[in-house]
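Taking it in order: structure first as structure tokens, then the write-up.
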Amino acid sequence: MSEPSSGAAGSTYASAGVDIEAGDRAVELMKEWVKKATRPEVVGGLGGFSGLFDASALKRYERPLLASATDGVGTKVDLARRMGVYDTIGRDLVGMVVDDLVVCGAEPLFMTDYICVGKVYPERVAAIVKGIAEGCVLAGCALVGGETAEHPGLLGADEFDVAGAGTGVVEADRVLGADRIRTGDAVIAMASSGLHSNGYSLVRHVLLERAGWSLDREVPELGRALGEELLEPTRIYSLDCLALTRTTEVHAFSHITGGGLANNLARVIPDGLHAVVDRSTWTPDPVFGLVGKVGSVERAELEKTLNMGVGMIAVVPEESVDVALATLADRGVDAWVSGEIVERTAGHAGAVSVIGDYAS
């Protein structure tokens with residue numbers, strides 16, 4: 001191996017674009033937020049090589065099943081970057097993960113995150129973690145650790161992405177799902193807080209690229225600037241869903257994410273049964289109609305891409321409806337009966353039918 005020339009400065013990690021000191025400062029800045037997102041079972045603090053969670057807490061279960069989920073936020077992170085708003089995107093991340101966990105009835109226990117950046121700006125990374133920590137508090141789970149990676153040359157200095165993984169627990173004989181659903185069950189819809197974190201490739205294409213709208217454009221239909229609407233954080237339903245399982249009988253949940261209501265609800269409908277959902281039971285938020293109108297996007301395309309105003313579905317016995325709706329109302333969740341479960345016949349195509357027109 002040849003020796004470096006005497007006149008040339010030696011290469012360093014910093015000269016390659018990685019700033020270890022900035023990473024250390026980011027960790028210091030985020031510590032105060034991570035401390036807020038904890039549970040009694042968490043052992044130790046931030047800074048170790050792994051997060052520790054006291055599993056002896058699971059002894060109260062007869063047969064505890066661990067549930068795991070992982071997800072990201074998708075191209076919504078680009079809007080956060082453009083607007084310079086970094087402290088909400090973490091709530092989107094938590095919502096995408098924990099609300100997948102709760103579908104089977106699992107209580108979210110803890111999360112870890114992964115933040116990949118082109119260049120570490122400590123305050124920016126800390127703001128992202130702040131949002132994640134706040135989301136964990138809303139979900140009732142702990143943030144036990146994570147990783148920030150600096151990838152110069154692969155990402156631009158202002159570019160970043162986030163992902164996370166979560167773990168939950170559910171009693172084996174209380175797992176929710178398709179095997180519990182029966183004819184006559186009611187389909188209860190829970191309102192979304194807007195677009196959540198799905199379909200942003202379509203939304204960005206329609207509103208920003210084709211229409212050329214700016215993020216600071218005031219949109220009368222929305223009652224605020226376009227960017228504010230698009231960055232509205234994902235609603236986190238995990239504690240609301242767990243409250244339902246404590247107050248009344250629940251047969252299944254369905255988290256309405258990419259693929260829309262019909263495709264996600266179909267994942268929990270058993271063979272031989274069919275869910276009929278009536279559009280006339282709700283009015284989608286204006287942002288959904290706006291995307292359709294501005295982009296000339298057909299309703300079928302909107303519905304298979306966006307949540308159309310429904311972020312979570314609960315399938316409950318008919319006799320549980322009143323208690324379920326009262327429980328959700330007490331928790332500030334707008335919810336309504338949107339359909340029912342019927343026997344599947346030759347006239348039913350697939351597991352879910354969405355009928356009627358949206359209420360005006």
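Chain labels run A, B, ... following the order of the structure tokens; each chain numbers its residues from 1, and ligands are numbered from 1 in the order shown.
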
Next on the checklist: I'd like the neighbourhood of A:Thr345 as an NGL selection string, where a residue qualifies if any of its atoms comes within 10 Å (using only C-alpha atoms), though same-chain residues fewer than 6 positions away should be ignored.
Outcome noted: :A and (272-274)

Item to check | Selection near stretch 91-99 of chain A, 6 Å with only C-alpha atoms, sequence-local residues under 3 positions removed, as a ChimeraX atom specification | outcome: /A:69-73,88,102,131-132,135,233-234,236,238

Checklist entry - With distances taken over only C-alpha atoms, which of A:Phe288, A:Phe253, A:Tyr237, A:Trp282 is nearest to A:Cys104? => result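 Ranked by minimum distance to A:Cys104, first place goes to A:Phe253.
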
Checklist entry - What's the 8 Å shell around A:Lys304, counting only C-alpha atoms, without same-chain residues fewer than 6 positions away, as a list in words? => result Gly258, Gly259, Gly260, Leu261, Ala262 and Asn263 of chain A

Checklist entry - What lies within 8 Å of A:Ala314 using only C-alpha atoms, ignoring chain neighbours under 3 positions off, as a ChimeraX atom specification? => result /A:187-190,250-254

As a short mmCIF file (atom, residue, chain, number, x, y, z; two decimals) with C-alpha atoms, in the first residue's frame, please: all residues of stretch 137-354 of chain A that backbone DSSP puts in strand (DSSP E or B).
```cif
data_model
loop_
_atom_site.label_atom_id
_atom_site.label_comp_id
_atom_site.auth_asym_id
_atom_site.auth_seq_id
_atom_site.Cartn_x
_atom_site.Cartn_y
_atom_site.Cartn_z
CA ALA A 142 -42.39 4.13 25.35
CA LEU A 143 -39.67 5.32 23.01
CA VAL A 144 -36.78 3.13 24.13
CA GLY A 145 -34.15 4.02 21.55
CA GLY A 146 -33.32 4.65 17.94
CA GLU A 147 -30.65 5.49 15.42
CA THR A 148 -29.66 8.60 13.49
CA ALA A 149 -27.62 7.89 10.39
CA GLU A 150 -25.83 10.49 8.27
CA PRO A 152 -23.70 12.26 2.70
CA LEU A 155 -29.05 12.18 0.42
CA PHE A 160 -34.16 12.92 5.41
CA ASP A 161 -36.38 9.91 5.98
CA VAL A 162 -37.85 8.30 9.07
CA ALA A 163 -38.95 4.78 9.96
CA GLY A 164 -39.88 3.00 13.14
CA ALA A 165 -40.71 -0.34 14.67
CA GLY A 166 -43.01 -1.13 17.56
CA THR A 167 -43.79 -4.04 19.87
CA GLY A 168 -47.05 -4.74 21.64
CA VAL A 169 -48.63 -7.53 23.66
CA VAL A 170 -52.01 -9.24 23.65
CA GLU A 171 -53.48 -12.18 25.55
CA ALA A 186 -71.87 -3.50 12.79
CA VAL A 187 -69.08 -1.64 11.03
CA ILE A 188 -68.13 1.47 13.02
CA ALA A 189 -66.04 4.11 11.28
CA MET A 190 -63.72 6.48 13.16
CA ALA A 191 -62.96 9.81 11.52
CA GLU A 218 -54.50 29.91 1.22
CA VAL A 219 -57.22 27.49 0.11
CA ARG A 224 -56.07 27.40 5.94
CA ALA A 225 -52.87 27.21 3.92
CA ALA A 252 -62.00 -6.79 14.79
CA PHE A 253 -60.29 -3.55 13.89
CA SER A 254 -58.99 -2.39 10.52
CA HIS A 255 -56.42 0.40 10.16
CA LEU A 273 -69.01 -13.09 4.91
CA HIS A 274 -69.20 -9.67 3.31
CA ALA A 275 -68.97 -6.10 4.61
CA VAL A 276 -71.33 -3.51 3.16
CA VAL A 277 -70.22 0.08 3.81
CA ASP A 278 -72.53 2.99 2.98
CA VAL A 310 -62.04 7.13 7.84
CA GLY A 311 -58.83 6.23 9.70
CA MET A 312 -59.93 3.19 11.69
CA ILE A 313 -62.78 0.67 11.58
CA ALA A 314 -64.17 -1.36 14.46
CA VAL A 315 -66.38 -4.38 13.82
CA VAL A 316 -68.61 -5.03 16.82
CA ALA A 335 -67.48 7.79 15.04
CA TRP A 336 -70.59 6.39 13.40
CA VAL A 337 -72.15 3.15 12.11
CA SER A 338 -71.10 2.97 8.48
CA GLY A 339 -72.21 -0.53 7.51
CA GLU A 340 -72.83 -4.13 8.45
CA ILE A 341 -71.60 -7.68 7.97
CA VAL A 342 -73.79 -9.96 5.84
CA GLU A 343 -73.57 -13.42 4.32
CA VAL A 352 -66.30 -5.51 0.82
CA SER A 353 -68.85 -3.42 -1.04
CA VAL A 354 -68.90 0.35 -0.72
#
```

Stretch 66-169 of chain A residues near stretch 199-208 of chain A within 9 Å, closest pair each, using only C-alpha atoms, as JSON lines:
```
{"residue": "A:Gly74", "atom": "CA", "partner": "A:Tyr200", "partner_atom": "CA", "distance": 7.5}
{"residue": "A:Thr75", "atom": "CA", "partner": "A:Tyr200", "partner_atom": "CA", "distance": 5.9}
{"residue": "A:Lys76", "atom": "CA", "partner": "A:Tyr200", "partner_atom": "CA", "distance": 6.0}
{"residue": "A:Leu79", "atom": "CA", "partner": "A:Arg204", "partner_atom": "CA", "distance": 8.8}
```

Export, as a tab-separated table (two decimals), in the first residue's frame, the selected residues with C-alpha atoms.
```
chain	number	residue	atom	x	y	z
A	74	GLY	CA	-43.57	8.04	2.96
A	75	THR	CA	-43.28	11.14	0.84
A	76	LYS	CA	-44.98	13.30	3.46
A	79	LEU	CA	-43.47	18.39	2.63
```
